[in-house]
Amino acid sequence: MDTIPDILKDAPQFSLDNPIAYQKRYVKSMGGRGKKERQADLGKPGAENALGMLAELLDWLDGLEPQTTAESVSLYDKSQAIGAKTTNILAQMDQAMKMQATIDEQKRGYKRPLR
């Protein structure tokens, strides 16, 4: 919880147990049994809990309101347009600076005729 940004701390959260960790812990606790017996038991502990959590997650997802993507797409398009305009302006400024450098160089090389 300490690593969650402040803006997300009040957002709905859903924690999932890791059934693989349960399986590994269970197999380790059954260390005295044979390999075949341990493999046969693999998946039993935590499987029901994981299935219940999955059902809870799917129920939660099913209850969410659909969100339109039109606004997101519109904002993305605007962002892309701004980026393209910025790139174009920077390229024009670069060309203008190169032209100014060329003009300054030609001015230095220009000699006025004597009167």
# chains A, B, ... in the order shown; residues from 1 in each chain; ligands from 1
>>> residues_around(residues="stretch 7-16 of chain A", least_positions_apart="3", cutoff="10 Å", atoms="only C-alpha atoms", output="NGL selection string")
:A and (1-4 or 19 or 49-50 or 53-54 or 56-57 or 60)
